[in-house]
Amino acid sequence: MESFSNIDDILIPAMYIFNKASDTKSEGEENFKSAREDMVKYQIEARGIKDKRVLNAFRKVPRHKFVPKEYIKNAYDDGPLPIGSAQTISQPYIVAFMTDVLNLQKHEKVLEIGTGSGYQAAVLAEICDSVFTIEIFKELGNRAKQILETLGYKNIFVKIGDGYKGWKEHSPFDA
């Protein structure tokens with residue numbers, strides 16, 4: 001991974017992304033796409049993620065669809081955001097890092113514990129065959145399921161329950 005020798009290497013791109021995303025609500029989907037591209041360039045690629053499959057997944061998945069309305073203008077910021085039930089959508093780089101280290105292949109099946117907003121599941125689903133995700137908080141799980149269905153994901157399966165118990169009827173999983 002690349003290291004930064006100057007704090008401005010991190011702060012200036014982060015400020016640029018914040019300013020771009022702040023204007024997106026009134027200017028429409030094109031600005032979200034631009035903010036998403038900047039997120040990939042300055043937050044993910046700049047920190048050493050190079051796998052084209054991971055980068056393309058982040059270019060495709062609309063993070064702003066996974067955050068509550070009051071945080072849409074911050075959807076592409078370099079940090080986590082509240083999603084309800086005392087949970088957060090993780091910082092984009094953290095989601096990218098976790099996805100990258102899995103080194104998923106197209107044919108693989110993933111079990112995710114803690115659906116949250118559904119964003120990580122959507123990113124994974126762009127890379128692998130199927131994602132089975134379990135959320136203990138009913139409100140979050142149902143909201144994530146609705147978002148994922150609205151976005152057209154047919155390879156993500158959401159279950160409300162305790163992830164400690166797994167999802168035996170669909171095991172084994174590759175990751």
# chains A, B, ... in the order shown; residues from 1 in each chain; ligands from 1
call {"tool": "residues_around", "arguments": {"residues": "range 88-95 of chain A", "least_positions_apart": "6", "cutoff": "10 Å", "atoms": "only C-alpha atoms", "output": "ChimeraX atom specification"}}
result
/A:39-40,42-49,54,58,63,66-67,75-82,115-121,123-124
call {"tool": "atom_distance", "arguments": {"atom1": "CA of Ala144 in chain A", "atom2": "CA of Lys41 in chain A"}}
result
26.4 Å
call {"tool": "atom_distance", "arguments": {"atom1": "CA of Ser130 in chain A", "atom2": "CA of Asp38 in chain A"}}
result
27.7 Å
call {"tool": "closest_residue", "arguments": {"among": "A:Ile127, A:Leu111, A:Ser34, A:Lys106", "to": "Glu169 in chain A", "atoms": "only C-alpha atoms"}}
result
A:Leu111
call {"tool": "residues_around", "arguments": {"residues": "Val61 in chain A", "least_positions_apart": "3", "cutoff": "9 Å", "atoms": "only C-alpha atoms", "output": "list of chain:residue names"}}
result
A:Arg36, A:Asn56, A:Ala57, A:Phe58, A:His64, A:Lys65, A:Tyr119, A:Ala122, A:Val123, A:Glu126
call {"tool": "write_last_selection", "arguments": {"atoms": "all heavy atoms", "output": "PDB file, in the first residue's frame"}}
result
ATOM      1  N   ARG A  36     -18.689   9.893  -6.957  1.00  0.00           N
ATOM      2  CA  ARG A  36     -18.300   8.485  -6.816  1.00  0.00           C
ATOM      3  C   ARG A  36     -16.939   8.247  -7.476  1.00  0.00           C
ATOM      4  O   ARG A  36     -16.076   7.567  -6.925  1.00  0.00           O
ATOM      5  CB  ARG A  36     -19.396   7.603  -7.436  1.00  0.00           C
ATOM      6  CG  ARG A  36     -19.334   6.188  -7.028  1.00  0.00           C
ATOM      7  CD  ARG A  36     -20.619   5.400  -7.273  1.00  0.00           C
ATOM      8  NE  ARG A  36     -21.266   5.607  -8.549  1.00  0.00           N
ATOM      9  CZ  ARG A  36     -22.413   6.255  -8.724  1.00  0.00           C
ATOM     10  NH1 ARG A  36     -23.059   6.791  -7.695  1.00  0.00           N
ATOM     11  NH2 ARG A  36     -22.944   6.384  -9.923  1.00  0.00           N
ATOM     12  N   ASN A  56     -14.057  -1.060 -10.085  1.00  0.00           N
ATOM     13  CA  ASN A  56     -15.256  -0.965 -10.929  1.00  0.00           C
ATOM     14  C   ASN A  56     -16.531  -1.155 -10.121  1.00  0.00           C
ATOM     15  O   ASN A  56     -17.548  -0.508 -10.403  1.00  0.00           O
ATOM     16  CB  ASN A  56     -15.181  -1.964 -12.084  1.00  0.00           C
ATOM     17  CG  ASN A  56     -14.153  -1.548 -13.120  1.00  0.00           C
ATOM     18  OD1 ASN A  56     -13.797  -0.376 -13.236  1.00  0.00           O
ATOM     19  ND2 ASN A  56     -13.660  -2.512 -13.874  1.00  0.00           N
ATOM     20  N   ALA A  57     -16.489  -2.022  -9.127  1.00  0.00           N
ATOM     21  CA  ALA A  57     -17.662  -2.207  -8.255  1.00  0.00           C
ATOM     22  C   ALA A  57     -17.987  -0.902  -7.539  1.00  0.00           C
ATOM     23  O   ALA A  57     -19.151  -0.493  -7.460  1.00  0.00           O
ATOM     24  CB  ALA A  57     -17.414  -3.330  -7.251  1.00  0.00           C
ATOM     25  N   PHE A  58     -16.969  -0.224  -7.048  1.00  0.00           N
ATOM     26  CA  PHE A  58     -17.187   1.054  -6.352  1.00  0.00           C
ATOM     27  C   PHE A  58     -17.650   2.145  -7.308  1.00  0.00           C
ATOM     28  O   PHE A  58     -18.384   3.040  -6.906  1.00  0.00           O
ATOM     29  CB  PHE A  58     -15.933   1.484  -5.594  1.00  0.00           C
ATOM     30  CG  PHE A  58     -15.853   0.840  -4.247  1.00  0.00           C
ATOM     31  CD1 PHE A  58     -15.329  -0.428  -4.102  1.00  0.00           C
ATOM     32  CD2 PHE A  58     -16.347   1.483  -3.129  1.00  0.00           C
ATOM     33  CE1 PHE A  58     -15.294  -1.046  -2.868  1.00  0.00           C
ATOM     34  CE2 PHE A  58     -16.320   0.881  -1.893  1.00  0.00           C
ATOM     35  CZ  PHE A  58     -15.787  -0.394  -1.756  1.00  0.00           C
ATOM     36  N   HIS A  64     -24.905   6.739  -2.274  1.00  0.00           N
ATOM     37  CA  HIS A  64     -25.919   7.684  -1.785  1.00  0.00           C
ATOM     38  C   HIS A  64     -27.293   7.035  -1.631  1.00  0.00           C
ATOM     39  O   HIS A  64     -28.127   7.541  -0.893  1.00  0.00           O
ATOM     40  CB  HIS A  64     -25.993   8.922  -2.681  1.00  0.00           C
ATOM     41  CG  HIS A  64     -26.401   8.655  -4.083  1.00  0.00           C
ATOM     42  ND1 HIS A  64     -25.527   8.175  -5.034  1.00  0.00           N
ATOM     43  CD2 HIS A  64     -27.596   8.796  -4.695  1.00  0.00           C
ATOM     44  CE1 HIS A  64     -26.173   8.042  -6.176  1.00  0.00           C
ATOM     45  NE2 HIS A  64     -27.440   8.410  -5.999  1.00  0.00           N
ATOM     46  N   LYS A  65     -27.527   5.916  -2.285  1.00  0.00           N
ATOM     47  CA  LYS A  65     -28.806   5.218  -2.144  1.00  0.00           C
ATOM     48  C   LYS A  65     -28.882   4.432  -0.830  1.00  0.00           C
ATOM     49  O   LYS A  65     -29.953   4.019  -0.421  1.00  0.00           O
ATOM     50  CB  LYS A  65     -29.024   4.242  -3.310  1.00  0.00           C
ATOM     51  CG  LYS A  65     -29.014   4.884  -4.669  1.00  0.00           C
ATOM     52  CD  LYS A  65     -30.287   5.610  -4.945  1.00  0.00           C
ATOM     53  CE  LYS A  65     -30.316   6.075  -6.398  1.00  0.00           C
ATOM     54  NZ  LYS A  65     -31.484   6.835  -6.712  1.00  0.00           N
ATOM     55  N   TYR A 119     -24.747  -1.757   1.617  1.00  0.00           N
ATOM     56  CA  TYR A 119     -23.717  -1.257   0.689  1.00  0.00           C
ATOM     57  C   TYR A 119     -22.606  -2.276   0.439  1.00  0.00           C
ATOM     58  O   TYR A 119     -22.262  -2.543  -0.707  1.00  0.00           O
ATOM     59  CB  TYR A 119     -23.144   0.059   1.230  1.00  0.00           C
ATOM     60  CG  TYR A 119     -22.102   0.693   0.345  1.00  0.00           C
ATOM     61  CD1 TYR A 119     -22.438   1.192  -0.904  1.00  0.00           C
ATOM     62  CD2 TYR A 119     -20.786   0.820   0.780  1.00  0.00           C
ATOM     63  CE1 TYR A 119     -21.488   1.793  -1.711  1.00  0.00           C
ATOM     64  CE2 TYR A 119     -19.834   1.429  -0.020  1.00  0.00           C
ATOM     65  CZ  TYR A 119     -20.178   1.911  -1.265  1.00  0.00           C
ATOM     66  OH  TYR A 119     -19.234   2.510  -2.060  1.00  0.00           O
ATOM     67  N   ALA A 122     -23.795  -5.017  -1.798  1.00  0.00           N
ATOM     68  CA  ALA A 122     -23.892  -4.599  -3.193  1.00  0.00           C
ATOM     69  C   ALA A 122     -22.524  -4.596  -3.869  1.00  0.00           C
ATOM     70  O   ALA A 122     -22.376  -5.058  -5.006  1.00  0.00           O
ATOM     71  CB  ALA A 122     -24.540  -3.218  -3.286  1.00  0.00           C
ATOM     72  N   VAL A 123     -21.512  -4.091  -3.162  1.00  0.00           N
ATOM     73  CA  VAL A 123     -20.154  -4.089  -3.713  1.00  0.00           C
ATOM     74  C   VAL A 123     -19.695  -5.523  -3.969  1.00  0.00           C
ATOM     75  O   VAL A 123     -19.187  -5.841  -5.051  1.00  0.00           O
ATOM     76  CB  VAL A 123     -19.185  -3.336  -2.776  1.00  0.00           C
ATOM     77  CG1 VAL A 123     -17.737  -3.556  -3.194  1.00  0.00           C
ATOM     78  CG2 VAL A 123     -19.520  -1.852  -2.733  1.00  0.00           C
ATOM     79  N   GLU A 126     -21.214  -7.270  -7.021  1.00  0.00           N
ATOM     80  CA  GLU A 126     -20.676  -6.857  -8.321  1.00  0.00           C
ATOM     81  C   GLU A 126     -19.486  -7.713  -8.733  1.00  0.00           C
ATOM     82  O   GLU A 126     -19.132  -7.753  -9.915  1.00  0.00           O
ATOM     83  CB  GLU A 126     -20.252  -5.380  -8.283  1.00  0.00           C
ATOM     84  CG  GLU A 126     -21.395  -4.413  -8.128  1.00  0.00           C
ATOM     85  CD  GLU A 126     -22.338  -4.385  -9.320  1.00  0.00           C
ATOM     86  OE1 GLU A 126     -21.894  -4.679 -10.451  1.00  0.00           O
ATOM     87  OE2 GLU A 126     -23.526  -4.076  -9.120  1.00  0.00           O
TER      88      GLU A 126
END
call {"tool": "residues_around", "arguments": {"residues": "Val110 in chain A", "least_positions_apart": "2", "cutoff": "8 Å", "atoms": "only C-alpha atoms", "output": "VMD selection string"}}
result
chain A and resid 108 112 128 130 to 132 173 to 175
call {"tool": "select_by_dssp", "arguments": {"residues": "range 4-162 of chain A", "states": "alpha helix (DSSP H)", "output": "ChimeraX atom specification"}}
result
/A:8-22,24-27,29-38,52-60,92-102,119-125,138-150
call {"tool": "select_by_dssp", "arguments": {"residues": "range 19-110 of chain A", "states": "strand (DSSP E)", "output": "VMD selection string"}}
result
chain A and resid 81 to 84 87 to 89 109 to 110
call {"tool": "closest_residue", "arguments": {"among": "A:Ile134, A:Leu55, A:Ile113, A:Ala125", "to": "Ala96 in chain A", "atoms": "only C-alpha atoms"}}
result
A:Leu55
call {"tool": "closest_residue", "arguments": {"among": "A:Gly161, A:Arg53, A:Ala35, A:Glu149", "to": "Leu104 in chain A", "atoms": "only C-alpha atoms"}}
result
A:Arg53
call {"tool": "closest_residue", "arguments": {"among": "A:Leu151, A:Phe97, A:Ser85, A:Lys109", "to": "Ile136 in chain A", "atoms": "only C-alpha atoms"}}
result
A:Ser85
call {"tool": "atom_distance", "arguments": {"atom1": "CA of Asn103 in chain A", "atom2": "CA of Asp129 in chain A"}}
result
13.2 Å
call {"tool": "closest_residue", "arguments": {"among": "A:Lys159, A:Glu70, A:Lys52, A:Glu29", "to": "Glu139 in chain A", "atoms": "only C-alpha atoms"}}
result
A:Lys159
